[in-house]
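Everything below belongs to protein38.cif, which stores mmCIF, C-alpha atoms and all ligand atoms.
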```cif
data_query
#
loop_
_atom_site.group_PDB
_atom_site.id
_atom_site.type_symbol
_atom_site.label_atom_id
_atom_site.label_comp_id
_atom_site.auth_asym_id
_atom_site.auth_seq_id
_atom_site.Cartn_x
_atom_site.Cartn_y
_atom_site.Cartn_z
ATOM 1 C CA MET A 1 126.197 125.005 112.797
ATOM 2 C CA ARG A 2 126.581 125.894 109.160
ATOM 3 C CA VAL A 3 123.286 126.556 107.426
ATOM 4 C CA GLY A 4 123.417 124.938 104.016
ATOM 5 C CA GLY A 5 121.142 124.651 101.116
ATOM 6 C CA ALA A 6 120.390 120.939 100.831
ATOM 7 C CA SER A 7 116.905 119.752 99.971
ATOM 8 C CA LEU A 8 114.885 116.577 100.225
ATOM 9 C CA ALA A 9 111.658 115.792 98.384
ATOM 10 C CA GLY A 10 109.247 113.022 97.563
ATOM 11 C CA THR A 11 105.663 112.041 96.835
ATOM 12 C CA VAL A 12 102.917 110.161 98.621
ATOM 13 C CA PHE A 13 100.687 108.407 96.109
ATOM 14 C CA HIS A 14 98.024 105.771 95.628
ATOM 15 C CA ASP A 15 100.062 102.863 94.284
ATOM 16 C CA ALA A 16 97.102 101.111 92.651
ATOM 17 C CA ASP A 17 99.205 98.327 91.115
ATOM 18 C CA ASP A 18 101.413 98.138 94.220
ATOM 19 C CA ASP A 19 104.653 98.120 92.233
ATOM 20 C CA GLY A 20 106.343 100.812 94.344
ATOM 21 C CA SER A 21 106.451 103.488 91.667
ATOM 22 C CA GLN A 22 103.966 106.135 90.600
ATOM 23 C CA GLY A 23 102.606 105.138 87.217
ATOM 24 C CA GLY A 24 100.332 107.104 84.917
ATOM 25 C CA GLY A 25 96.937 107.519 86.487
ATOM 26 C CA GLU A 26 98.201 106.857 89.999
ATOM 27 C CA LEU A 27 97.213 109.983 91.874
ATOM 28 C CA GLY A 28 99.109 111.712 94.645
ATOM 29 C CA ILE A 29 97.620 111.837 98.121
ATOM 30 C CA GLY A 30 97.399 115.339 99.582
ATOM 31 C CA GLY A 31 97.256 116.389 103.212
ATOM 32 C CA VAL A 32 99.703 113.784 104.501
ATOM 33 C CA SER A 33 102.018 114.871 107.327
ATOM 34 C CA ILE A 34 105.721 114.323 106.761
ATOM 35 C CA ALA A 35 108.384 114.854 109.411
ATOM 36 C CA LEU A 36 112.083 115.332 108.731
ATOM 37 C CA GLN A 37 114.289 114.845 111.772
ATOM 38 C CA GLY A 38 118.040 114.797 111.863
ATOM 39 C CA CYS A 39 121.338 115.542 113.469
ATOM 40 C CA VAL A 40 123.660 118.128 111.993
ATOM 41 C CA ALA A 41 127.298 118.834 112.815
ATOM 42 C CA GLY A 42 127.975 121.233 115.680
ATOM 43 C CA LEU A 43 130.646 123.901 115.934
ATOM 44 C CA ASP A 44 133.446 121.425 115.217
ATOM 45 C CA GLY A 45 131.960 120.754 111.784
ATOM 46 C CA VAL A 46 132.084 116.991 112.292
ATOM 47 C CA LEU A 47 128.944 114.835 112.127
ATOM 48 C CA ASP A 48 129.214 112.653 115.233
ATOM 49 C CA THR A 49 125.868 110.821 115.028
ATOM 50 C CA ALA A 50 126.373 107.358 113.558
ATOM 51 C CA ALA A 51 122.763 106.246 113.216
ATOM 52 C CA LEU A 52 119.171 107.388 113.763
ATOM 53 C CA PRO A 53 116.452 105.112 115.145
ATOM 54 C CA MET A 54 114.362 103.148 112.664
ATOM 55 C CA ASP A 55 111.252 103.561 114.796
ATOM 56 C CA GLY A 56 109.496 106.642 113.456
ATOM 57 C CA ASN A 57 107.991 107.316 116.881
ATOM 58 C CA ALA A 58 111.394 107.456 118.604
ATOM 59 C CA VAL A 59 113.017 110.892 118.758
ATOM 60 C CA PRO A 60 116.632 110.723 117.551
ATOM 61 C CA THR A 61 119.390 111.347 120.071
ATOM 62 C CA CYS A 62 122.288 113.244 118.556
ATOM 63 C CA ALA A 63 125.871 112.355 119.521
ATOM 64 C CA GLY A 64 128.705 114.709 120.516
ATOM 65 C CA ASP A 65 127.966 118.364 119.793
ATOM 66 C CA ASP A 66 125.565 117.492 116.932
ATOM 67 C CA GLN A 67 122.366 119.453 116.967
ATOM 68 C CA TYR A 68 118.885 118.008 116.563
ATOM 69 C CA VAL A 69 116.682 119.495 113.852
ATOM 70 C CA ILE A 70 113.053 118.821 113.001
ATOM 71 C CA ARG A 71 110.975 120.112 110.121
ATOM 72 C CA THR A 72 107.442 119.206 109.143
ATOM 73 C CA ALA A 73 105.501 119.442 105.907
ATOM 74 C CA VAL A 74 102.144 118.425 104.504
ATOM 75 C CA THR A 75 101.816 116.979 101.014
ATOM 76 C CA ASP A 76 100.164 119.200 98.428
ATOM 77 C CA GLY A 77 97.300 118.266 96.121
ATOM 78 C CA ASN A 78 99.686 116.230 93.982
ATOM 79 C CA GLY A 79 100.981 114.355 97.006
ATOM 80 C CA GLN A 80 104.330 116.132 96.839
ATOM 81 C CA TYR A 81 106.410 117.419 99.732
ATOM 82 C CA ALA A 82 109.776 119.157 99.887
ATOM 83 C CA PHE A 83 112.186 120.493 102.484
ATOM 84 C CA SER A 84 114.810 123.022 101.506
ATOM 85 C CA GLY A 85 117.543 125.111 103.135
ATOM 86 C CA LEU A 86 118.774 122.072 105.044
ATOM 87 C CA PRO A 87 122.196 121.920 106.678
ATOM 88 C CA ALA A 88 124.302 118.881 105.841
ATOM 89 C CA GLY A 89 123.621 116.049 108.244
ATOM 90 C CA ARG A 90 122.051 112.700 108.912
ATOM 91 C CA TYR A 91 118.271 112.647 108.477
ATOM 92 C CA ARG A 92 115.176 110.535 108.816
ATOM 93 C CA VAL A 93 111.926 111.123 106.950
ATOM 94 C CA THR A 94 108.694 109.824 108.501
ATOM 95 C CA GLU A 95 105.301 109.599 106.827
ATOM 96 C CA ALA A 96 102.108 109.616 108.913
ATOM 97 C CA GLN A 97 99.940 106.803 107.526
ATOM 98 C CA PRO A 98 97.097 108.397 105.524
ATOM 99 C CA ALA A 99 93.578 107.407 106.548
ATOM 100 C CA GLY A 100 91.767 105.054 104.184
ATOM 101 C CA TYR A 101 94.948 103.438 102.891
ATOM 102 C CA VAL A 102 96.985 100.404 103.800
ATOM 103 C CA ASP A 103 100.749 100.834 104.063
ATOM 104 C CA GLY A 104 102.485 100.191 100.753
ATOM 105 C CA ALA A 105 106.038 100.448 99.440
ATOM 106 C CA ARG A 106 108.538 103.152 100.369
ATOM 107 C CA ALA A 107 111.370 104.268 98.133
ATOM 108 C CA VAL A 108 114.893 105.204 99.203
ATOM 109 C CA GLY A 109 115.774 108.328 97.210
ATOM 110 C CA THR A 110 118.904 109.720 95.616
ATOM 111 C CA SER A 111 120.869 110.335 98.824
ATOM 112 C CA GLY A 112 120.448 106.791 100.103
ATOM 113 C CA GLY A 113 119.238 105.609 103.456
ATOM 114 C CA THR A 114 117.407 102.628 104.911
ATOM 115 C CA ALA A 115 113.652 102.036 104.779
ATOM 116 C CA ASN A 116 111.728 100.319 107.546
ATOM 117 C CA ALA A 117 109.712 97.189 106.775
ATOM 118 C CA ARG A 118 106.558 97.560 104.790
ATOM 119 C CA GLY A 119 103.515 97.287 106.999
ATOM 120 C CA VAL A 120 105.253 98.998 109.914
ATOM 121 C CA VAL A 121 103.770 102.443 110.393
ATOM 122 C CA PRO A 122 104.705 105.192 110.383
ATOM 123 C CA SER A 123 106.684 104.573 107.205
ATOM 124 C CA VAL A 124 110.292 105.642 107.577
ATOM 125 C CA VAL A 125 113.456 106.116 105.553
ATOM 126 C CA THR A 126 116.311 106.725 107.953
ATOM 127 C CA ASP A 127 120.043 107.412 107.874
ATOM 128 C CA ILE A 128 119.836 109.655 104.840
ATOM 129 C CA VAL A 129 123.165 111.501 104.726
ATOM 130 C CA LEU A 130 122.789 114.879 103.038
ATOM 131 C CA VAL A 131 126.013 116.516 102.008
ATOM 132 C CA THR A 132 126.248 120.292 101.611
ATOM 133 C CA ASP A 133 123.800 121.504 98.967
ATOM 134 C CA ALA A 134 122.608 117.969 98.174
ATOM 135 C CA VAL A 135 119.426 117.739 96.109
ATOM 136 C CA ALA A 136 117.764 114.586 97.400
ATOM 137 C CA THR A 137 114.663 113.366 95.592
ATOM 138 C CA GLY A 138 112.553 110.236 95.294
ATOM 139 C CA TYR A 139 111.714 109.648 98.962
ATOM 140 C CA ASP A 140 108.335 108.331 97.938
ATOM 141 C CA PHE A 141 105.635 106.530 99.868
ATOM 142 C CA GLY A 142 103.197 104.281 98.000
ATOM 143 C CA GLU A 143 99.872 103.511 99.609
ATOM 144 C CA ILE A 144 97.342 100.898 98.672
ATOM 145 C CA ARG A 145 93.593 100.791 99.025
ATOM 146 C CA GLN A 146 91.999 98.428 101.472
ATOM 147 C CA ALA A 147 89.537 96.003 99.929
ATOM 148 C CA VAL A 148 85.983 96.252 101.237
ATOM 149 C CA VAL A 149 84.570 92.727 101.229
ATOM 150 C CA THR A 150 80.895 92.032 101.853
ATOM 151 C CA VAL A 151 79.090 88.715 101.950
ATOM 152 C CA ALA A 152 75.441 87.943 101.293
ATOM 153 C CA LYS A 153 73.573 84.692 101.073
ATOM 154 C CA ARG A 154 70.330 83.750 99.413
ATOM 155 C CA ALA A 155 68.365 80.599 98.741
ATOM 156 C CA GLU A 156 66.247 79.249 95.922
ATOM 157 C CA VAL A 157 63.385 78.885 96.982
ATOM 158 C CA ALA A 158 63.674 82.161 98.778
ATOM 159 C CA SER A 159 64.394 82.361 102.477
ATOM 160 C CA GLY A 160 61.153 82.582 104.449
ATOM 161 C CA ALA A 161 59.218 80.368 102.016
ATOM 162 C CA LYS A 162 57.738 76.972 102.882
ATOM 163 C CA VAL A 163 59.553 73.805 101.891
ATOM 164 C CA SER A 164 58.803 70.114 102.303
ATOM 165 C CA VAL A 165 60.851 67.038 103.161
ATOM 166 C CA GLY A 166 62.753 65.793 100.139
ATOM 167 C CA GLN A 167 62.925 69.216 98.516
ATOM 168 C CA THR A 168 66.284 70.513 97.322
ATOM 169 C CA LEU A 169 67.368 74.047 98.128
ATOM 170 C CA THR A 170 70.060 75.905 96.207
ATOM 171 C CA TYR A 171 72.161 78.306 98.254
ATOM 172 C CA THR A 172 74.168 81.145 96.732
ATOM 173 C CA VAL A 173 76.844 82.950 98.728
ATOM 174 C CA GLU A 174 78.107 86.093 97.036
ATOM 175 C CA VAL A 175 81.387 87.723 98.000
ATOM 176 C CA THR A 176 81.541 91.304 96.733
ATOM 177 C CA VAL A 177 84.985 92.902 96.545
ATOM 178 C CA ALA A 178 85.220 96.702 96.235
ATOM 179 C CA GLU A 179 87.912 99.412 96.315
ATOM 180 C CA ALA A 180 90.842 97.026 95.756
ATOM 181 C CA PRO A 181 91.637 93.341 95.214
ATOM 182 C CA THR A 182 91.642 91.190 98.344
ATOM 183 C CA ARG A 183 94.894 90.807 100.265
ATOM 184 C CA GLY A 184 94.071 87.545 102.008
ATOM 185 C CA VAL A 185 91.949 84.443 101.664
ATOM 186 C CA VAL A 186 88.244 84.974 102.328
ATOM 187 C CA THR A 187 86.843 81.994 104.236
ATOM 188 C CA LEU A 188 83.132 81.239 104.299
ATOM 189 C CA THR A 189 82.048 78.780 106.960
ATOM 190 C CA ASP A 190 78.516 77.579 106.461
ATOM 191 C CA THR A 191 76.934 75.295 109.018
ATOM 192 C CA LEU A 192 73.935 73.448 107.643
ATOM 193 C CA GLY A 193 71.231 73.277 110.301
ATOM 194 C CA GLN A 194 69.359 70.175 111.438
ATOM 195 C CA GLY A 195 67.277 68.660 108.661
ATOM 196 C CA LEU A 196 69.570 69.808 105.864
ATOM 197 C CA GLU A 197 71.862 67.441 103.999
ATOM 198 C CA LEU A 198 74.430 68.640 101.485
ATOM 199 C CA VAL A 199 73.888 67.287 97.984
ATOM 200 C CA PRO A 200 77.250 65.677 97.134
ATOM 201 C CA GLY A 201 79.069 67.261 94.218
ATOM 202 C CA SER A 202 76.699 70.236 94.064
ATOM 203 C CA PHE A 203 79.371 72.905 94.544
ATOM 204 C CA THR A 204 79.911 75.557 91.917
ATOM 205 C CA THR A 205 82.785 77.930 92.622
ATOM 206 C CA PRO A 206 84.107 81.146 91.071
ATOM 207 C CA ALA A 207 87.670 81.529 89.733
ATOM 208 C CA GLY A 208 90.014 81.188 92.706
ATOM 209 C CA GLY A 209 87.331 79.524 94.793
ATOM 210 C CA THR A 210 87.168 76.112 96.465
ATOM 211 C CA CYS A 211 84.585 74.390 98.663
ATOM 212 C CA ASN A 212 84.836 71.405 100.978
ATOM 213 C CA ALA A 213 82.416 69.740 103.343
ATOM 214 C CA ALA A 214 83.024 68.045 106.689
ATOM 215 C CA GLY A 215 79.830 66.769 108.223
ATOM 216 C CA GLN A 216 77.360 69.643 108.357
ATOM 217 C CA VAL A 217 80.063 72.272 107.886
ATOM 218 C CA VAL A 218 80.717 73.594 104.398
ATOM 219 C CA THR A 219 83.907 75.625 104.071
ATOM 220 C CA CYS A 220 84.481 77.697 100.953
ATOM 221 C CA GLU A 221 87.538 79.831 100.279
ATOM 222 C CA LEU A 222 88.232 82.637 97.841
ATOM 223 C CA ALA A 223 91.956 83.004 97.131
ATOM 224 C CA ALA A 224 93.877 86.211 97.921
ATOM 225 C CA GLY A 225 94.027 88.720 95.083
ATOM 226 C CA ALA A 226 90.377 88.328 94.121
ATOM 227 C CA ALA A 227 89.466 91.186 91.792
ATOM 228 C CA GLU A 228 86.848 93.837 92.439
ATOM 229 C CA GLY A 229 83.419 92.479 91.617
ATOM 230 C CA THR A 230 81.145 89.676 92.734
ATOM 231 C CA HIS A 231 82.306 86.100 93.288
ATOM 232 C CA ALA A 232 79.498 83.580 93.740
ATOM 233 C CA PHE A 233 79.539 80.124 95.332
ATOM 234 C CA THR A 234 76.538 77.814 95.103
ATOM 235 C CA TYR A 235 75.639 74.467 96.601
ATOM 236 C CA GLN A 236 72.559 72.458 97.251
ATOM 237 C CA ALA A 237 71.064 70.828 100.307
ATOM 238 C CA LYS A 238 68.136 68.498 100.682
ATOM 239 C CA VAL A 239 65.483 68.808 103.384
ATOM 240 C CA THR A 240 65.560 65.494 105.306
ATOM 241 C CA ARG A 241 63.141 63.702 107.648
ATOM 242 C CA GLY A 242 65.215 65.083 110.530
ATOM 243 C CA ALA A 243 63.772 68.520 109.823
ATOM 244 C CA THR A 244 61.506 69.963 112.480
ATOM 245 C CA THR A 245 59.505 73.160 112.087
ATOM 246 C CA SER A 246 62.156 74.959 110.082
ATOM 247 C CA VAL A 247 65.562 74.517 108.479
ATOM 248 C CA ASN A 248 68.226 77.172 108.944
ATOM 249 C CA ASN A 249 71.505 77.852 107.321
ATOM 250 C CA GLN A 250 74.032 80.507 108.209
ATOM 251 C CA VAL A 251 77.356 81.515 106.698
ATOM 252 C CA ALA A 252 80.131 83.143 108.748
ATOM 253 C CA PRO A 253 82.807 85.020 106.773
ATOM 254 C CA GLY A 254 86.400 85.503 107.928
ATOM 255 C CA GLY A 255 89.821 86.633 106.722
ATOM 256 C CA THR A 256 92.415 89.407 106.823
ATOM 257 C CA ASP A 257 90.232 91.645 104.648
ATOM 258 C CA GLU A 258 87.600 91.485 107.397
ATOM 259 C CA PRO A 259 84.713 90.379 105.185
ATOM 260 C CA ARG A 260 81.336 91.236 106.656
ATOM 261 C CA CYS A 261 77.734 90.278 106.114
ATOM 262 C CA THR A 262 75.839 93.199 104.597
ATOM 263 C CA SER A 263 73.424 92.862 107.538
ATOM 264 C CA ALA A 264 72.766 90.437 110.383
ATOM 265 C CA GLN A 265 70.059 88.746 108.311
ATOM 266 C CA SER A 266 71.891 88.753 104.996
ATOM 267 C CA CYS A 267 74.034 85.719 105.819
ATOM 268 C CA ARG A 268 71.196 83.590 107.158
ATOM 269 C CA THR A 269 68.368 81.712 105.483
ATOM 270 C CA THR A 270 65.409 80.006 107.107
ATOM 271 C CA HIS A 271 62.596 77.933 105.647
ATOM 272 C CA VAL A 272 59.414 76.634 107.265
ATOM 273 C CA VAL A 273 59.016 72.882 106.743
ATOM 274 C CA THR A 274 55.585 71.503 105.852
ATOM 275 C CA GLY A 275 54.117 68.109 104.900
ATOM 276 C CA GLY A 276 56.400 65.721 106.726
ATOM 277 C CA GLY A 277 59.127 65.397 109.228
ATOM 278 C CA ILE A 278 58.579 65.506 112.957
ATOM 279 C CA THR A 279 56.140 68.394 112.881
ATOM 280 C CA PRO A 280 54.920 69.135 116.388
ATOM 281 C CA VAL A 281 51.289 70.175 116.905
ATOM 282 C CA PRO A 282 51.308 73.960 116.982
ATOM 283 C CA VAL A 283 50.563 75.087 120.518
ATOM 284 C CA ASN A 284 48.549 78.005 119.243
ATOM 285 C CA ALA A 285 45.889 75.751 117.633
ATOM 286 C CA PRO A 286 43.414 74.868 120.412
ATOM 287 C CA TRP A 287 40.592 74.430 117.898
ATOM 288 C CA ALA A 288 42.531 71.682 116.112
ATOM 289 C CA LEU A 289 43.055 69.888 119.417
ATOM 290 C CA ALA A 290 39.388 70.253 120.301
ATOM 291 C CA ALA A 291 38.315 68.867 116.908
ATOM 292 C CA LEU A 292 40.726 65.941 117.278
ATOM 293 C CA SER A 293 39.413 65.018 120.745
ATOM 294 C CA LEU A 294 35.792 65.245 119.486
ATOM 295 C CA LEU A 295 36.652 62.910 116.591
ATOM 296 C CA LEU A 296 38.385 60.400 118.896
ATOM 297 C CA GLY A 297 35.525 60.636 121.387
ATOM 298 C CA GLY A 298 33.022 60.024 118.579
ATOM 299 C CA LEU A 299 34.917 56.936 117.381
ATOM 300 C CA ALA A 300 35.027 55.505 120.930
ATOM 301 C CA TYR A 301 31.243 56.127 121.339
ATOM 302 C CA ARG A 302 30.457 54.310 118.071
ATOM 303 C CA ARG A 303 32.667 51.377 119.101
ATOM 304 C CA ARG A 304 30.709 51.078 122.384
ATOM 305 C CA GLN A 305 27.370 51.108 120.447
ATOM 306 C CA ARG A 306 28.300 47.991 118.459
HETATM 307 CA CA CA B 401 102.516 101.967 90.816
HETATM 308 CA CA CA B 402 102.909 104.459 104.436
#
```

Write the structure described by the file as structure tokens, please.
Ligand SMILES: [Ca+2]
Ligand SMILES: [Ca+2]
Amino acid sequence: MRVGGASLAGTVFHDADDDGSQGGGELGIGGVSIALQGCVAGLDGVLDTAALPMDGNAVPTCAGDDQYVIRTAVTDGNGQYAFSGLPAGRYRVTEAQPAGYVDGARAVGTSGGTANARGVVPSVVTDIVLVTDAVATGYDFGEIRQAVVTVAKRAEVASGAKVSVGQTLTYTVEVTVAEAPTRGVVTLTDTLGQGLELVPGSFTTPAGGTCNAAGQVVTCELAAGAAEGTHAFTYQAKVTRGATTSVNNQVAPGGTDEPRCTSAQSCRTTHVVTGGGITPVPVNAPWALAALSLLLGGLAYRRRQR
């Protein structure tokens, strides 16, 4: 095996605009493990290995008298890595997916090669053929931030307050996007409880938002690519005669960005209904029952006296 002086280098960076190249202000990501594996010509000086596996977890098998080599590096504070003193051969570079990031673009550098599909981790560029003393650069790995999506719901009048039949409640569902724009559609499924009736045409939606109703189920969607910030949906529901002791309303979020309610209670509203509806006699009011029976008894007594 002839020891040559080829090199291979690249950068791991936060590709904020996800365009595959490191723009101004896009910082490198340090501490990322990079592996360089390859097959180099044996004593006969001929590279026999025709291809290396695309799967970054599969160890290459070298053909003929080729010899397997492996080198590892960790990116520096600027996200840069470099291997030097490499013999000519066929190589594969593999990037361990950095924590806190979603897999982004990978770039095939100056000595060619084939990249694996975006979204498949670890990220790989394989079949890089380094000739003697080659200076290979630009084997870069872009990474994107994962959006953190939270959902909260509130009502006007406030949840927990008393309402009466015929009253209109305004619900606001806020989707807060942080860290990065959303990658997928955020779906909000809101089931109006018994005694609530959607006010037709009462939807207000943010940019990129839509709402539809089917029976008691209101479905609102926020399109993929929603920017960081708060996106609010509102709609109204009327308290109907079907209401019993309380009316409840709960929204369930879903989508690839894994939107979550800020707490178990934050996606639910409940209102106590007074002054109408089928309001059962509270079981914890024996004095009311006693007073009622006295009144009825009194009426019956007076009737008998006539
Ligand atoms: Ca970029
Ligand atoms: Ca990656």

Please report, as a Markdown table, each residue of chain A lying at most 6 Å from ligand CA 402 (chain B), together with the nearest pair of atoms and the separation in Å rounded to one decimal; use all atoms listed in the file, and order rows by chain and ascending residue number.
```
| residue | atom | partner | partner_atom | distance |
| --- | --- | --- | --- | --- |
| A:Gln97 | CA | B:CA402 | CA | 4.9 |
| A:Asp103 | CA | B:CA402 | CA | 4.2 |
| A:Gly104 | CA | B:CA402 | CA | 5.7 |
| A:Ser123 | CA | B:CA402 | CA | 4.7 |
| A:Phe141 | CA | B:CA402 | CA | 5.7 |
| A:Glu143 | CA | B:CA402 | CA | 5.8 |
```

Just the residues within 8 Å of segment 163-176 of chain A, please, counting only C-alpha atoms, with nothing from its chain fewer than 4 positions along; format it as a PDB file with C-alpha atoms, in the frame of the given file.
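Result file selection.pdb:
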```pdb
ATOM      1  CA  VAL A 149      84.570  92.727 101.229  1.00  0.00           C
ATOM      2  CA  THR A 150      80.895  92.032 101.853  1.00  0.00           C
ATOM      3  CA  VAL A 151      79.090  88.715 101.950  1.00  0.00           C
ATOM      4  CA  ALA A 152      75.441  87.943 101.293  1.00  0.00           C
ATOM      5  CA  LYS A 153      73.573  84.692 101.073  1.00  0.00           C
ATOM      6  CA  ARG A 154      70.330  83.750  99.413  1.00  0.00           C
ATOM      7  CA  ALA A 155      68.365  80.599  98.741  1.00  0.00           C
ATOM      8  CA  GLU A 156      66.247  79.249  95.922  1.00  0.00           C
ATOM      9  CA  VAL A 157      63.385  78.885  96.982  1.00  0.00           C
ATOM     10  CA  GLU A 228      86.848  93.837  92.439  1.00  0.00           C
ATOM     11  CA  GLY A 229      83.419  92.479  91.617  1.00  0.00           C
ATOM     12  CA  THR A 230      81.145  89.676  92.734  1.00  0.00           C
ATOM     13  CA  HIS A 231      82.306  86.100  93.288  1.00  0.00           C
ATOM     14  CA  ALA A 232      79.498  83.580  93.740  1.00  0.00           C
ATOM     15  CA  PHE A 233      79.539  80.124  95.332  1.00  0.00           C
ATOM     16  CA  THR A 234      76.538  77.814  95.103  1.00  0.00           C
ATOM     17  CA  TYR A 235      75.639  74.467  96.601  1.00  0.00           C
ATOM     18  CA  GLN A 236      72.559  72.458  97.251  1.00  0.00           C
ATOM     19  CA  ALA A 237      71.064  70.828 100.307  1.00  0.00           C
ATOM     20  CA  LYS A 238      68.136  68.498 100.682  1.00  0.00           C
ATOM     21  CA  VAL A 239      65.483  68.808 103.384  1.00  0.00           C
ATOM     22  CA  THR A 240      65.560  65.494 105.306  1.00  0.00           C
ATOM     23  CA  ARG A 241      63.141  63.702 107.648  1.00  0.00           C
ATOM     24  CA  ALA A 243      63.772  68.520 109.823  1.00  0.00           C
ATOM     25  CA  HIS A 271      62.596  77.933 105.647  1.00  0.00           C
ATOM     26  CA  VAL A 272      59.414  76.634 107.265  1.00  0.00           C
ATOM     27  CA  VAL A 273      59.016  72.882 106.743  1.00  0.00           C
ATOM     28  CA  THR A 274      55.585  71.503 105.852  1.00  0.00           C
ATOM     29  CA  GLY A 275      54.117  68.109 104.900  1.00  0.00           C
ATOM     30  CA  GLY A 276      56.400  65.721 106.726  1.00  0.00           C
ATOM     31  CA  GLY A 277      59.127  65.397 109.228  1.00  0.00           C
TER      32      GLY A 277
END
```

For this structure, which residues satisfy the selection - the PyMOL selection byres (((not hetatm)) within 7 of (chain B and resi 401)) - when it is evaluated on the file as given? I want them as a PDB file with C-alpha atoms, in the frame of the given file.
```pdb
ATOM      1  CA  ASP A  15     100.062 102.863  94.284  1.00  0.00           C
ATOM      2  CA  ALA A  16      97.102 101.111  92.651  1.00  0.00           C
ATOM      3  CA  ASP A  17      99.205  98.327  91.115  1.00  0.00           C
ATOM      4  CA  ASP A  18     101.413  98.138  94.220  1.00  0.00           C
ATOM      5  CA  ASP A  19     104.653  98.120  92.233  1.00  0.00           C
ATOM      6  CA  GLY A  20     106.343 100.812  94.344  1.00  0.00           C
ATOM      7  CA  SER A  21     106.451 103.488  91.667  1.00  0.00           C
ATOM      8  CA  GLN A  22     103.966 106.135  90.600  1.00  0.00           C
ATOM      9  CA  GLY A  23     102.606 105.138  87.217  1.00  0.00           C
ATOM     10  CA  GLU A  26      98.201 106.857  89.999  1.00  0.00           C
TER      11      GLU A  26
END
```

- atom CA of Tyr101 of chain A sits from atom CA of Gly38 of chain A at a separation of 27.3 Å

- Expected selection from the PyMOL selection byres (((chain A and resi 61) around 10) and not hetatm), given as a ChimeraX atom specification: /A:38-39,49,51-53,58-60,62-64,66-68

Atoms kept (C-alpha atoms) for selection, written as a PDB file, in the coordinates of the input:
```pdb
ATOM      1  CA  GLY A  38     118.040 114.797 111.863  1.00  0.00           C
ATOM      2  CA  CYS A  39     121.338 115.542 113.469  1.00  0.00           C
ATOM      3  CA  THR A  49     125.868 110.821 115.028  1.00  0.00           C
ATOM      4  CA  ALA A  51     122.763 106.246 113.216  1.00  0.00           C
ATOM      5  CA  LEU A  52     119.171 107.388 113.763  1.00  0.00           C
ATOM      6  CA  PRO A  53     116.452 105.112 115.145  1.00  0.00           C
ATOM      7  CA  ALA A  58     111.394 107.456 118.604  1.00  0.00           C
ATOM      8  CA  VAL A  59     113.017 110.892 118.758  1.00  0.00           C
ATOM      9  CA  PRO A  60     116.632 110.723 117.551  1.00  0.00           C
ATOM     10  CA  CYS A  62     122.288 113.244 118.556  1.00  0.00           C
ATOM     11  CA  ALA A  63     125.871 112.355 119.521  1.00  0.00           C
ATOM     12  CA  GLY A  64     128.705 114.709 120.516  1.00  0.00           C
ATOM     13  CA  ASP A  66     125.565 117.492 116.932  1.00  0.00           C
ATOM     14  CA  GLN A  67     122.366 119.453 116.967  1.00  0.00           C
ATOM     15  CA  TYR A  68     118.885 118.008 116.563  1.00  0.00           C
TER      16      TYR A  68
END
```

- Query: What lies within 9 Å of Gln37 of chain A using all atoms listed in the file, ignoring chain neighbours under 5 positions off, as JSON, numbers by chain?
  - Reply: {"A": [59, 60, 68, 69, 70, 71, 72, 90, 91, 92, 93, 94]}

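Checking A:Val40, A:Val12, A:Leu196, A:Leu27 one by one against Ala105 of chain A, counting only C-alpha atoms, you find the shortest gap at A:Val12.
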
- Message: At a cut-off of 12 Å, using all atoms listed in the file, what residues contact Gly112 of chain A? Leave out same-chain residues fewer than 4 positions from it and give the result as a list in words.
- Response: Leu8, Arg90, Tyr91, Arg92, Val93, Ala107, Val108, Val125, Thr126, Asp127, Ile128, Val129, Leu130, Val131, Ala134, Val135, Ala136, Thr137, Gly138 and Tyr139 of chain A
